[in-house]
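Enquirer: Structure: entry_36.txt, compact mmCIF, C-alpha atoms and all ligand atoms.
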```
# COMPACT_ATOMS: atom_id res chain seq x y z
CA MET R 1 -20.42 23.66 -6.41
CA SER R 2 -17.23 23.43 -8.46
CA LYS R 3 -17.69 23.39 -12.24
CA GLU R 4 -14.78 20.93 -12.55
CA MET R 5 -15.79 17.48 -13.77
CA SER R 6 -15.80 14.96 -10.91
CA LYS R 7 -12.99 12.41 -10.91
CA GLY R 8 -15.45 9.55 -11.21
CA ARG R 9 -16.96 11.13 -14.29
CA LYS R 10 -13.49 11.74 -15.69
CA LEU R 11 -12.71 8.03 -15.32
CA ARG R 12 -15.97 7.06 -17.04
CA LYS R 13 -15.21 9.53 -19.85
CA THR R 14 -11.78 7.96 -20.41
CA ILE R 15 -13.38 4.52 -20.55
CA LYS R 16 -15.94 5.75 -23.05
CA GLU R 17 -13.36 7.41 -25.26
CA ARG R 18 -10.50 4.89 -25.06
CA GLY R 19 -12.41 1.69 -24.30
CA LEU R 20 -9.92 0.88 -21.54
CA ALA R 21 -8.51 3.00 -18.71
CA ARG R 22 -4.85 2.27 -17.91
CA VAL R 23 -4.27 2.79 -14.21
CA MET R 24 -0.86 2.70 -12.51
CA ALA R 25 -0.15 2.11 -8.83
CA ALA R 26 1.28 4.87 -6.65
CA HIS R 27 2.21 5.10 -2.97
CA SER R 28 3.00 8.79 -2.51
CA PRO R 29 2.21 12.18 -4.01
CA LEU R 30 5.52 12.11 -5.89
CA SER R 31 4.84 8.72 -7.45
CA ALA R 32 1.30 9.89 -8.30
CA ARG R 33 2.78 12.84 -10.20
CA LEU R 34 5.12 10.52 -12.08
CA VAL R 35 2.16 8.32 -13.03
CA GLN R 36 0.43 11.37 -14.49
CA GLU R 37 3.52 12.60 -16.34
CA ALA R 38 4.01 9.14 -17.88
CA GLY R 39 0.56 9.35 -19.47
CA PHE R 40 -1.60 6.89 -17.54
CA ASP R 41 -5.35 7.49 -17.22
CA GLY R 42 -5.61 6.99 -13.48
CA ILE R 43 -3.87 6.14 -10.22
CA TRP R 44 -4.28 3.04 -8.10
CA ALA R 45 -3.86 3.96 -4.43
CA SER R 46 -2.54 0.49 -3.70
CA GLY R 47 -2.68 -1.06 -0.24
CA PHE R 48 0.19 -3.35 -1.17
CA GLU R 49 2.41 -0.42 -2.20
CA LEU R 50 1.64 1.66 0.88
CA SER R 51 2.23 -1.36 3.15
CA ALA R 52 5.58 -1.94 1.45
CA LEU R 53 6.43 1.74 1.82
CA TYR R 54 6.04 1.31 5.59
CA GLY R 55 8.10 -1.89 5.42
CA LEU R 56 5.02 -3.92 6.35
CA PRO R 57 3.30 -6.91 4.78
CA ASP R 58 -0.07 -6.23 3.14
CA VAL R 59 -2.15 -7.97 5.83
CA SER R 60 -4.44 -5.18 7.13
CA LEU R 61 -1.71 -3.57 9.27
CA VAL R 62 -1.82 -0.16 7.58
CA SER R 63 -4.77 1.71 9.06
CA MET R 64 -7.55 3.46 7.19
CA THR R 65 -6.19 6.78 8.48
CA GLN R 66 -2.72 6.09 7.07
CA HIS R 67 -4.11 5.05 3.69
CA LEU R 68 -6.61 7.89 3.56
CA ASP R 69 -3.99 10.52 4.48
CA MET R 70 -1.70 9.31 1.71
CA THR R 71 -4.55 9.09 -0.79
CA ARG R 72 -5.64 12.63 0.06
CA ALA R 73 -2.06 13.87 -0.34
CA MET R 74 -1.90 12.17 -3.75
CA ALA R 75 -5.20 13.77 -4.76
CA THR R 76 -3.74 17.22 -4.12
CA GLN R 77 -0.78 16.53 -6.44
CA THR R 78 -2.56 15.11 -9.47
CA SER R 79 -5.58 15.78 -11.61
CA LEU R 80 -5.92 12.11 -12.55
CA PRO R 81 -8.76 10.02 -11.15
CA ILE R 82 -7.67 7.92 -8.19
CA ILE R 83 -9.02 4.43 -7.55
CA ALA R 84 -8.57 3.78 -3.83
CA ASP R 85 -7.85 0.25 -2.69
CA ILE R 86 -9.76 0.07 0.59
CA ASP R 87 -9.20 -3.67 1.09
CA THR R 88 -12.12 -5.15 3.05
CA GLY R 89 -13.50 -1.71 3.89
CA PHE R 90 -11.62 -1.89 7.22
CA GLY R 91 -14.19 -4.11 8.94
CA ASN R 92 -17.89 -4.74 8.48
CA ALA R 93 -20.59 -2.71 6.69
CA ILE R 94 -20.51 -0.10 9.46
CA ASN R 95 -16.79 0.47 8.85
CA VAL R 96 -17.54 0.63 5.11
CA ILE R 97 -20.06 3.45 5.65
CA HIS R 98 -17.42 5.49 7.48
CA ALA R 99 -14.75 4.73 4.85
CA ILE R 100 -17.03 5.63 1.92
CA LYS R 101 -17.82 9.04 3.36
CA GLU R 102 -14.15 9.80 4.03
CA TYR R 103 -12.85 8.62 0.66
CA GLU R 104 -15.56 10.42 -1.30
CA ARG R 105 -14.72 13.60 0.61
CA ALA R 106 -11.03 13.05 -0.24
CA GLY R 107 -11.92 13.49 -3.92
CA VAL R 108 -11.14 10.04 -5.28
CA ALA R 109 -12.93 8.65 -8.33
CA ALA R 110 -13.62 5.18 -7.01
CA VAL R 111 -13.04 2.70 -4.22
CA VAL R 112 -12.44 -1.02 -4.54
CA ILE R 113 -13.79 -3.21 -1.73
CA GLU R 114 -12.79 -6.90 -1.65
CA ASP R 115 -14.74 -9.89 -0.36
CA LYS R 116 -12.03 -11.22 1.94
CA SER R 117 -12.55 -11.42 5.67
CA PHE R 118 -10.80 -8.86 7.88
CA PRO R 119 -7.86 -9.00 8.52
CA LYS R 120 -6.96 -9.92 4.94
CA VAL R 121 -3.82 -11.52 3.54
CA THR R 122 -2.25 -10.17 0.37
CA SER R 123 -3.49 -11.99 -2.75
CA LEU R 124 -0.38 -13.00 -4.66
CA VAL R 125 1.67 -14.60 -1.88
CA GLU R 126 2.23 -18.36 -2.15
CA GLY R 127 0.03 -20.27 0.32
CA GLY R 128 -1.69 -17.14 1.68
CA ARG R 129 -4.73 -17.61 3.97
CA GLN R 130 -7.59 -16.50 1.74
CA ASP R 131 -10.88 -16.54 3.64
CA LEU R 132 -13.87 -14.89 2.00
CA VAL R 133 -16.94 -13.51 3.76
CA PRO R 134 -20.33 -15.02 2.84
CA ILE R 135 -21.94 -13.54 -0.27
CA LYS R 136 -24.82 -12.03 1.70
CA GLU R 137 -22.45 -10.27 4.08
CA PHE R 138 -20.49 -8.77 1.21
CA GLN R 139 -23.68 -7.70 -0.56
CA GLY R 140 -24.47 -5.79 2.65
CA LYS R 141 -21.12 -4.03 2.45
CA ILE R 142 -21.67 -3.05 -1.19
CA ALA R 143 -25.21 -1.85 -0.47
CA ALA R 144 -23.88 0.17 2.49
CA ALA R 145 -21.32 1.79 0.19
CA ILE R 146 -23.89 2.60 -2.50
CA ASP R 147 -26.44 3.97 -0.02
CA ASN R 148 -23.90 6.22 1.69
CA ARG R 149 -22.19 7.91 -1.25
CA THR R 150 -23.42 11.39 -1.98
CA SER R 151 -22.84 11.24 -5.74
CA ALA R 152 -23.40 8.41 -8.20
CA ASP R 153 -20.24 9.68 -9.97
CA PHE R 154 -18.24 8.13 -7.13
CA LEU R 155 -17.75 4.55 -8.27
CA ILE R 156 -18.06 1.53 -6.01
CA ILE R 157 -16.05 -1.38 -7.40
CA ALA R 158 -16.64 -4.81 -5.88
CA ARG R 159 -13.67 -7.14 -5.96
CA THR R 160 -14.02 -10.87 -5.78
CA GLU R 161 -11.14 -12.98 -4.57
CA ALA R 162 -12.87 -16.27 -5.39
CA LEU R 163 -10.23 -17.25 -7.97
CA ILE R 164 -7.42 -16.23 -5.61
CA ALA R 165 -9.02 -18.41 -2.90
CA GLY R 166 -9.16 -21.36 -5.32
CA LEU R 167 -12.97 -21.54 -5.27
CA GLY R 168 -13.25 -21.77 -9.05
CA GLU R 169 -14.91 -19.86 -11.85
CA ALA R 170 -18.52 -20.76 -10.99
CA GLU R 171 -18.14 -19.28 -7.50
CA ALA R 172 -16.37 -16.21 -8.90
CA LEU R 173 -19.15 -15.64 -11.45
CA ALA R 174 -21.88 -16.18 -8.83
CA ARG R 175 -20.23 -13.74 -6.45
CA ALA R 176 -19.71 -11.14 -9.19
CA LEU R 177 -23.37 -11.38 -10.19
CA ALA R 178 -24.48 -11.07 -6.54
CA TYR R 179 -22.31 -7.98 -6.11
CA GLU R 180 -23.75 -6.44 -9.29
CA GLU R 181 -27.20 -7.14 -7.87
CA ALA R 182 -26.19 -5.30 -4.67
CA GLY R 183 -25.38 -2.22 -6.78
CA ALA R 184 -21.66 -2.41 -7.62
CA ASP R 185 -20.67 -0.18 -10.55
CA MET R 186 -17.84 -2.47 -11.67
CA ILE R 187 -16.43 -5.87 -10.76
CA LEU R 188 -12.73 -6.41 -10.14
CA VAL R 189 -11.74 -10.04 -10.56
CA HIS R 190 -8.26 -11.00 -9.43
CA SER R 191 -6.17 -14.03 -10.42
CA LYS R 192 -2.73 -15.27 -9.47
CA GLN R 193 -2.38 -17.72 -12.34
CA ASP R 194 0.72 -17.06 -14.40
CA THR R 195 -1.22 -17.05 -17.67
CA PRO R 196 -4.30 -15.00 -18.65
CA ALA R 197 -6.39 -18.16 -19.26
CA GLU R 198 -8.34 -18.02 -15.97
CA ILE R 199 -9.31 -14.38 -16.42
CA GLU R 200 -10.07 -14.80 -20.13
CA SER R 201 -12.46 -17.63 -19.32
CA PHE R 202 -14.14 -15.61 -16.53
CA VAL R 203 -14.61 -12.66 -18.87
CA ARG R 204 -16.00 -14.83 -21.67
CA ASN R 205 -18.55 -16.36 -19.30
CA TRP R 206 -19.49 -13.11 -17.55
CA GLN R 207 -23.21 -12.55 -18.10
CA GLY R 208 -23.51 -9.39 -15.99
CA LYS R 209 -23.81 -5.86 -17.30
CA THR R 210 -21.15 -4.18 -15.20
CA PRO R 211 -17.65 -3.63 -16.62
CA ILE R 212 -14.71 -5.74 -15.47
CA VAL R 213 -11.51 -4.49 -13.84
CA ILE R 214 -8.34 -6.60 -13.89
CA VAL R 215 -4.90 -6.47 -12.24
CA PRO R 216 -2.65 -8.59 -14.48
CA THR R 217 0.41 -8.64 -12.21
CA ALA R 218 0.75 -12.42 -12.17
CA TYR R 219 -0.01 -12.76 -15.89
CA PRO R 220 1.81 -9.81 -17.49
CA GLU R 221 1.64 -11.41 -20.91
CA MET R 222 -1.90 -9.99 -21.14
CA THR R 223 -1.43 -6.69 -22.94
CA GLU R 224 -3.78 -3.72 -22.96
CA LYS R 225 -4.68 -4.63 -26.56
CA GLN R 226 -5.67 -8.18 -25.55
CA ALA R 227 -7.70 -6.93 -22.58
CA LEU R 228 -9.51 -4.47 -24.85
CA ALA R 229 -10.21 -7.20 -27.40
CA LEU R 230 -12.06 -9.24 -24.75
CA GLY R 231 -14.67 -6.49 -24.79
CA LYS R 232 -15.85 -6.42 -21.18
CA ILE R 233 -12.66 -5.26 -19.45
CA LYS R 234 -12.77 -1.49 -18.99
CA VAL R 235 -10.03 -0.83 -16.43
CA LEU R 236 -6.56 -2.41 -16.32
CA ILE R 237 -4.58 -1.78 -13.14
CA TYR R 238 -0.80 -2.11 -12.94
CA GLY R 239 -0.93 -3.10 -9.27
CA ASN R 240 2.57 -2.73 -7.85
CA HIS R 241 4.96 -1.57 -10.55
CA ALA R 242 5.74 1.77 -8.91
CA ILE R 243 7.10 0.32 -5.68
CA ARG R 244 8.91 -2.48 -7.51
CA ALA R 245 10.58 0.01 -9.86
CA SER R 246 11.66 2.22 -6.96
CA ILE R 247 13.02 -0.70 -4.91
CA GLN R 248 15.16 -1.88 -7.81
CA ALA R 249 16.39 1.65 -8.57
CA MET R 250 17.42 2.25 -4.94
CA GLN R 251 19.08 -1.17 -4.64
CA ASP R 252 21.12 -0.51 -7.78
CA ALA R 253 22.17 3.00 -6.72
CA PHE R 254 23.09 2.01 -3.16
CA ALA R 255 25.10 -1.00 -4.39
CA ASN R 256 26.94 1.21 -6.87
CA ILE R 257 27.98 3.66 -4.12
CA ILE R 258 29.08 0.88 -1.74
CA LYS R 259 31.04 -0.80 -4.54
CA HIS R 260 32.92 2.33 -5.55
CA GLY R 261 33.32 3.83 -2.11
CA GLY R 262 31.68 7.04 -3.27
CA ALA R 263 29.07 8.47 -5.62
CA GLN R 264 31.58 9.26 -8.38
CA GLU R 265 30.33 6.47 -10.71
CA ILE R 266 26.60 6.97 -10.28
CA GLY R 267 26.29 9.80 -12.81
CA ASN R 268 23.06 9.76 -14.78
CA ASP R 269 21.85 6.49 -13.26
CA ILE R 270 19.92 8.53 -10.72
CA ALA R 271 17.75 11.61 -11.25
CA ALA R 272 19.57 14.93 -11.21
CA VAL R 273 18.93 17.25 -8.29
CA THR R 274 17.45 19.68 -10.82
CA GLU R 275 14.87 17.02 -11.71
CA VAL R 276 13.87 16.84 -8.05
CA PHE R 277 13.55 20.64 -8.04
CA ARG R 278 11.29 20.42 -11.10
CA LEU R 279 9.06 17.85 -9.43
CA GLN R 280 8.96 19.99 -6.28
CA LYS R 281 7.95 23.00 -8.41
CA MET R 282 10.86 24.99 -7.07
CA ASP R 283 10.48 27.45 -9.94
CA GLN R 284 7.18 28.58 -8.42
CA VAL R 285 8.92 29.33 -5.15
CA LYS R 286 11.43 31.50 -7.03
CA THR R 287 8.65 33.35 -8.86
CA ASN R 288 6.81 33.93 -5.60
CA GLU R 289 9.95 35.11 -3.85
CA GLU R 290 10.53 37.71 -6.55
CA ARG R 291 6.94 38.82 -6.36
CA TYR R 292 6.34 38.84 -2.61
CA LEU R 293 9.68 39.04 -0.82
CA SER R 294 11.37 41.92 -2.59
C1 LIG M 301 -2.81 -3.86 -4.22
O1 LIG M 301 -2.04 -3.34 -5.04
O2 LIG M 301 -2.84 -3.54 -3.03
C2 LIG M 301 -3.75 -4.90 -4.67
C3 LIG M 301 -3.39 -5.70 -5.84
O3 LIG M 301 -4.74 -5.08 -4.03
S1 LIG M 301 -2.65 -7.15 -5.24
O4 LIG M 301 -1.54 -6.79 -4.37
O5 LIG M 301 -2.22 -7.92 -6.40
O6 LIG M 301 -3.66 -7.90 -4.49
MG MG M 302 -4.66 -4.28 -2.12
```
Starting from the coordinates I provided, produce the structure as structure tokens.
Expert:
Amino acid sequence: MSKEMSKGRKLRKTIKERGLARVMAAHSPLSARLVQEAGFDGIWASGFELSALYGLPDVSLVSMTQHLDMTRAMATQTSLPIIADIDTGFGNAINVIHAIKEYERAGVAAVVIEDKSFPKVTSLVEGGRQDLVPIKEFQGKIAAAIDNRTSADFLIIARTEALIAGLGEAEALARALAYEEAGADMILVHSKQDTPAEIESFVRNWQGKTPIVIVPTAYPEMTEKQALALGKIKVLIYGNHAIRASIQAMQDAFANIIKHGGAQEIGNDIAAVTEVFRLQKMDQVKTNEERYLS
């Protein structure tokens, strides 16, 4: 047994010490490394980002194998805890059992399972079809996840989409309590309102004991300080900022080259090749060449 602290424990330690873990989305090992270098506390292995990376909508088209492979590759390139977005758990409670075993083995800190029906539709899209499974069925999925993890360090986060589905705060609170009852370690509550009011009200009225996780993409005016001040929010996820930043950067660079008919104007607007070498750890290759090839 490795003496290294488990990733789940590392995430809990950050929460204990800082009050709030700041978690940034990533969609590749390289973006995961950049998240770590920037100083975040954890990585969100986002389904939305990976779908976008494949040029696909986030509607359960990316398979568990694709997401797991990328998550595992990220885990090898970072020491930060990873929170894996496993959508609906890729099917029913039986699929959840399989997913839990695989993701725990991959070395992630936590998984988030959402109460939408499979196949899901991405949460923030205007007019998206947002069907939720019955509470009892989702409790079964959470219980299946809890019963099939090998270590209690590995966190099972239940995500309710009741607010996204327009079912109101009472339904969201009832679902969150039912998921806590089923054993969830944390509750992620998502909102697509463009102000924090809906989430603030949910948090104020939350009577459960488990910590709250939020993804304030639609309501970016909520700062880390404000989330912390609400008391019950322990994880704040920046859900899709990595892929959005990279899209914009590529669009700008490509447009610049087309405009000028060459790369002569691009200069420092893109990373230097030496920066790519640094991120690839090319210096280690050189050291090893000197040591082993001469
Ligand atoms: C994701 O990043 O895949 C999420 C967050 O689940 S959201 O896209 O806002 O639903
Ligand atoms: Mg997702």
Enquirer: Kindly provide, as JSON, the centre and edge lengths (Å, one decimal) of an axis-aligned box around all atoms of range 248-259 of chain R given in the file, with 3 Å on each side.
Expert:
```
{"center_x": 23.1, "center_y": 0.9, "center_z": -5.2, "size_x": 21.9, "size_y": 11.5, "size_z": 12.8}
```
Enquirer: Find the distance between CA of His260 in chain R and CA of Phe277 in chain R and write it in Å to one decimal.
Expert: 26.8 Å
Enquirer: Identify the residues around (-0.3, -7.8, -13.3) within a radius of 9 Å, measuring from only C-alpha atoms in the coordinates stated by the file, and give them as a ChimeraX atom specification.
Expert: /R:192,214-222,236-241
Enquirer: For CA of Ile157 in chain R and CA of Gln130 in chain R, quote the distance in Å rounded to one decimal.
Expert: 19.6 Å
Enquirer: For the interface of chain R with ligand MG 302 (chain M) (cut-off 10 Å, counting only C-alpha atoms and all ligand atoms), please tabulate each contacting residue of chain R alongside its nearest pair of atoms and their separation in Å to one decimal, rows sorted by chain and increasing number, as JSON lines.
Expert:
```
{"residue": "R:Trp44", "atom": "CA", "partner": "M:MG302", "partner_atom": "MG", "distance": 9.5}
{"residue": "R:Ala45", "atom": "CA", "partner": "M:MG302", "partner_atom": "MG", "distance": 8.6}
{"residue": "R:Ser46", "atom": "CA", "partner": "M:MG302", "partner_atom": "MG", "distance": 5.5}
{"residue": "R:Gly47", "atom": "CA", "partner": "M:MG302", "partner_atom": "MG", "distance": 4.2}
{"residue": "R:Phe48", "atom": "CA", "partner": "M:MG302", "partner_atom": "MG", "distance": 5.0}
{"residue": "R:Glu49", "atom": "CA", "partner": "M:MG302", "partner_atom": "MG", "distance": 8.1}
{"residue": "R:Leu50", "atom": "CA", "partner": "M:MG302", "partner_atom": "MG", "distance": 9.2}
{"residue": "R:Ser51", "atom": "CA", "partner": "M:MG302", "partner_atom": "MG", "distance": 9.2}
{"residue": "R:Asp58", "atom": "CA", "partner": "M:MG302", "partner_atom": "MG", "distance": 7.2}
{"residue": "R:Val59", "atom": "CA", "partner": "M:MG302", "partner_atom": "MG", "distance": 9.1}
{"residue": "R:Ser60", "atom": "CA", "partner": "M:MG302", "partner_atom": "MG", "distance": 9.3}
{"residue": "R:Ala84", "atom": "CA", "partner": "M:MG302", "partner_atom": "MG", "distance": 9.1}
{"residue": "R:Asp85", "atom": "CA", "partner": "M:MG302", "partner_atom": "MG", "distance": 5.6}
{"residue": "R:Ile86", "atom": "CA", "partner": "M:MG302", "partner_atom": "MG", "distance": 7.2}
{"residue": "R:Asp87", "atom": "CA", "partner": "M:MG302", "partner_atom": "MG", "distance": 5.6}
{"residue": "R:Thr88", "atom": "CA", "partner": "M:MG302", "partner_atom": "MG", "distance": 9.1}
{"residue": "R:Val112", "atom": "CA", "partner": "M:MG302", "partner_atom": "MG", "distance": 8.8}
{"residue": "R:Ile113", "atom": "CA", "partner": "M:MG302", "partner_atom": "MG", "distance": 9.2}
{"residue": "R:Glu114", "atom": "CA", "partner": "M:MG302", "partner_atom": "MG", "distance": 8.6}
{"residue": "R:Lys120", "atom": "CA", "partner": "M:MG302", "partner_atom": "MG", "distance": 9.3}
{"residue": "R:Val121", "atom": "CA", "partner": "M:MG302", "partner_atom": "MG", "distance": 9.2}
{"residue": "R:Thr122", "atom": "CA", "partner": "M:MG302", "partner_atom": "MG", "distance": 6.8}
{"residue": "R:Ser123", "atom": "CA", "partner": "M:MG302", "partner_atom": "MG", "distance": 7.8}
{"residue": "R:Gly239", "atom": "CA", "partner": "M:MG302", "partner_atom": "MG", "distance": 8.2}
{"residue": "R:Asn240", "atom": "CA", "partner": "M:MG302", "partner_atom": "MG", "distance": 9.4}
```
Enquirer: Calculated over all atoms listed in the file, which of the candidates R:Asp269, R:Thr160, R:Ala227, R:Gln207 has the smallest distance to ligand LIG 301 (chain M)?
Expert: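 Counting all atoms listed in the file, the residue closest to ligand LIG 301 (chain M) is R:Thr160.
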Enquirer: So how many Å separate CA of Ser31 in chain R and CA of Gly8 in chain R, to one decimal?
Expert: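 These atoms are spaced 20.7 Å apart.
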Enquirer: Env of Arg12 in chain R: 12 Å cut, atoms = all atoms listed in the file, seq-sep filter 6 positions within chain, self excluded. Answer as a count of residues only.
Expert: 20
Enquirer: Pick the closest to ligand LIG 301 (chain M) from R:Gln226, R:Gln280, R:Thr274, R:Gln193: which is it, counting all atoms listed in the file?
Expert: R:Gln193
Enquirer: Counting all atoms listed in the file, which residue out of R:His98, R:His67, R:Lys259, R:Arg204 sits closest to ligand LIG 301 (chain M)?
Expert: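 With all atoms listed in the file as the atom set, the closest residue is R:His67.
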Enquirer: Taking into account only C-alpha atoms and all ligand atoms, which residue in the set R:Ala75, R:Ala99, R:Ala272, R:Val189 is nearest to ligand LIG 301 (chain M)?
Expert: R:Val189
Enquirer: Set the distance at 12 Å and use only C-alpha atoms: which residues neighbour Phe138 in chain R once local chain neighbours fewer than 3 positions away are removed? I'd like the list as a ChimeraX atom specification.
Expert: /R:88-89,91-94,96,113-118,132-135,141-145,158-161,175-176,178-184
Enquirer: Rank R:Leu11, R:Leu30, R:Val125, R:Ala245 by their smallest atom-to-atom distance to ligand LIG 301 (chain M), using only C-alpha atoms and all ligand atoms, and report the top residue only.
Expert: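 Under the stated criterion, the closest residue is R:Val125.
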Enquirer: Give the answer as one residue: which of R:Ile15, R:Leu68, R:Leu124, R:Val203 has the shortest atom-to-atom distance to ligand LIG 301 (chain M), using all atoms listed in the file?
Expert: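 Of all the options, R:Leu124 lies closest to ligand LIG 301 (chain M).
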Enquirer: Hey, can you pull every residue with an atom no more than 8 Å from (23.4, 7.9, -8.5), using only C-alpha atoms, and send it as a list of chain:residue names?
Expert: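 It turns out the residues near that spot are R:Ala253, R:Phe254, R:Asn256, R:Ile257, R:Ala263, R:Glu265, R:Ile266, R:Gly267, R:Asn268, R:Asp269, R:Ile270, R:Ala271.
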Enquirer: Would you mind putting back N, CA and C atoms on range 236-257 of chain R, then writing it out as a PDB file, in the coordinates of the input?
Expert:
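Wrote it out as rebuild-v7.pdb, contents follow:
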```
ATOM      1  N   LEU R 236      -7.708  -1.510 -16.537  1.00  0.00           N
ATOM      2  CA  LEU R 236      -6.560  -2.410 -16.320  1.00  0.00           C
ATOM      3  C   LEU R 236      -5.625  -1.710 -15.345  1.00  0.00           C
ATOM      4  N   ILE R 237      -5.398  -2.372 -14.203  1.00  0.00           N
ATOM      5  CA  ILE R 237      -4.580  -1.780 -13.140  1.00  0.00           C
ATOM      6  C   ILE R 237      -3.204  -2.440 -13.108  1.00  0.00           C
ATOM      7  N   TYR R 238      -2.158  -1.623 -13.184  1.00  0.00           N
ATOM      8  CA  TYR R 238      -0.800  -2.110 -12.940  1.00  0.00           C
ATOM      9  C   TYR R 238      -0.592  -1.985 -11.425  1.00  0.00           C
ATOM     10  N   GLY R 239      -0.698  -3.125 -10.719  1.00  0.00           N
ATOM     11  CA  GLY R 239      -0.930  -3.100  -9.270  1.00  0.00           C
ATOM     12  C   GLY R 239       0.233  -2.716  -8.391  1.00  0.00           C
ATOM     13  N   ASN R 240       1.466  -2.972  -8.797  1.00  0.00           N
ATOM     14  CA  ASN R 240       2.570  -2.730  -7.850  1.00  0.00           C
ATOM     15  C   ASN R 240       3.873  -2.335  -8.549  1.00  0.00           C
ATOM     16  N   HIS R 241       3.755  -1.842  -9.761  1.00  0.00           N
ATOM     17  CA  HIS R 241       4.960  -1.570 -10.550  1.00  0.00           C
ATOM     18  C   HIS R 241       5.726  -0.334 -10.074  1.00  0.00           C
ATOM     19  N   ALA R 242       5.055   0.565  -9.390  1.00  0.00           N
ATOM     20  CA  ALA R 242       5.740   1.770  -8.910  1.00  0.00           C
ATOM     21  C   ALA R 242       6.702   1.410  -7.775  1.00  0.00           C
ATOM     22  N   ILE R 243       6.219   0.642  -6.819  1.00  0.00           N
ATOM     23  CA  ILE R 243       7.100   0.320  -5.680  1.00  0.00           C
ATOM     24  C   ILE R 243       8.204  -0.633  -6.122  1.00  0.00           C
ATOM     25  N   ARG R 244       7.876  -1.544  -7.045  1.00  0.00           N
ATOM     26  CA  ARG R 244       8.910  -2.480  -7.510  1.00  0.00           C
ATOM     27  C   ARG R 244       9.999  -1.742  -8.289  1.00  0.00           C
ATOM     28  N   ALA R 245       9.590  -0.772  -9.100  1.00  0.00           N
ATOM     29  CA  ALA R 245      10.580   0.010  -9.860  1.00  0.00           C
ATOM     30  C   ALA R 245      11.460   0.811  -8.904  1.00  0.00           C
ATOM     31  N   SER R 246      10.868   1.384  -7.865  1.00  0.00           N
ATOM     32  CA  SER R 246      11.660   2.220  -6.960  1.00  0.00           C
ATOM     33  C   SER R 246      12.588   1.367  -6.099  1.00  0.00           C
ATOM     34  N   ILE R 247      12.143   0.198  -5.686  1.00  0.00           N
ATOM     35  CA  ILE R 247      13.020  -0.700  -4.910  1.00  0.00           C
ATOM     36  C   ILE R 247      14.256  -1.055  -5.722  1.00  0.00           C
ATOM     37  N   GLN R 248      14.028  -1.467  -6.955  1.00  0.00           N
ATOM     38  CA  GLN R 248      15.160  -1.880  -7.810  1.00  0.00           C
ATOM     39  C   GLN R 248      16.117  -0.705  -8.042  1.00  0.00           C
ATOM     40  N   ALA R 249      15.541   0.475  -8.290  1.00  0.00           N
ATOM     41  CA  ALA R 249      16.390   1.650  -8.570  1.00  0.00           C
ATOM     42  C   ALA R 249      17.235   1.996  -7.343  1.00  0.00           C
ATOM     43  N   MET R 250      16.643   1.931  -6.164  1.00  0.00           N
ATOM     44  CA  MET R 250      17.420   2.250  -4.940  1.00  0.00           C
ATOM     45  C   MET R 250      18.469   1.178  -4.679  1.00  0.00           C
ATOM     46  N   GLN R 251      18.093  -0.088  -4.850  1.00  0.00           N
ATOM     47  CA  GLN R 251      19.080  -1.170  -4.640  1.00  0.00           C
ATOM     48  C   GLN R 251      20.282  -0.989  -5.551  1.00  0.00           C
ATOM     49  N   ASP R 252      20.015  -0.670  -6.819  1.00  0.00           N
ATOM     50  CA  ASP R 252      21.120  -0.510  -7.780  1.00  0.00           C
ATOM     51  C   ASP R 252      22.014   0.676  -7.402  1.00  0.00           C
ATOM     52  N   ALA R 253      21.392   1.791  -7.040  1.00  0.00           N
ATOM     53  CA  ALA R 253      22.170   3.000  -6.720  1.00  0.00           C
ATOM     54  C   ALA R 253      22.991   2.788  -5.448  1.00  0.00           C
ATOM     55  N   PHE R 254      22.378   2.192  -4.446  1.00  0.00           N
ATOM     56  CA  PHE R 254      23.090   2.010  -3.160  1.00  0.00           C
ATOM     57  C   PHE R 254      24.268   1.044  -3.368  1.00  0.00           C
ATOM     58  N   ALA R 255      24.034  -0.018  -4.140  1.00  0.00           N
ATOM     59  CA  ALA R 255      25.100  -1.000  -4.390  1.00  0.00           C
ATOM     60  C   ALA R 255      26.256  -0.348  -5.146  1.00  0.00           C
ATOM     61  N   ASN R 256      25.915   0.517  -6.081  1.00  0.00           N
ATOM     62  CA  ASN R 256      26.940   1.210  -6.870  1.00  0.00           C
ATOM     63  C   ASN R 256      27.823   2.061  -5.944  1.00  0.00           C
ATOM     64  N   ILE R 257      27.218   2.773  -5.016  1.00  0.00           N
ATOM     65  CA  ILE R 257      27.980   3.660  -4.120  1.00  0.00           C
ATOM     66  C   ILE R 257      28.855   2.837  -3.169  1.00  0.00           C
TER      67      ILE R 257
END
```
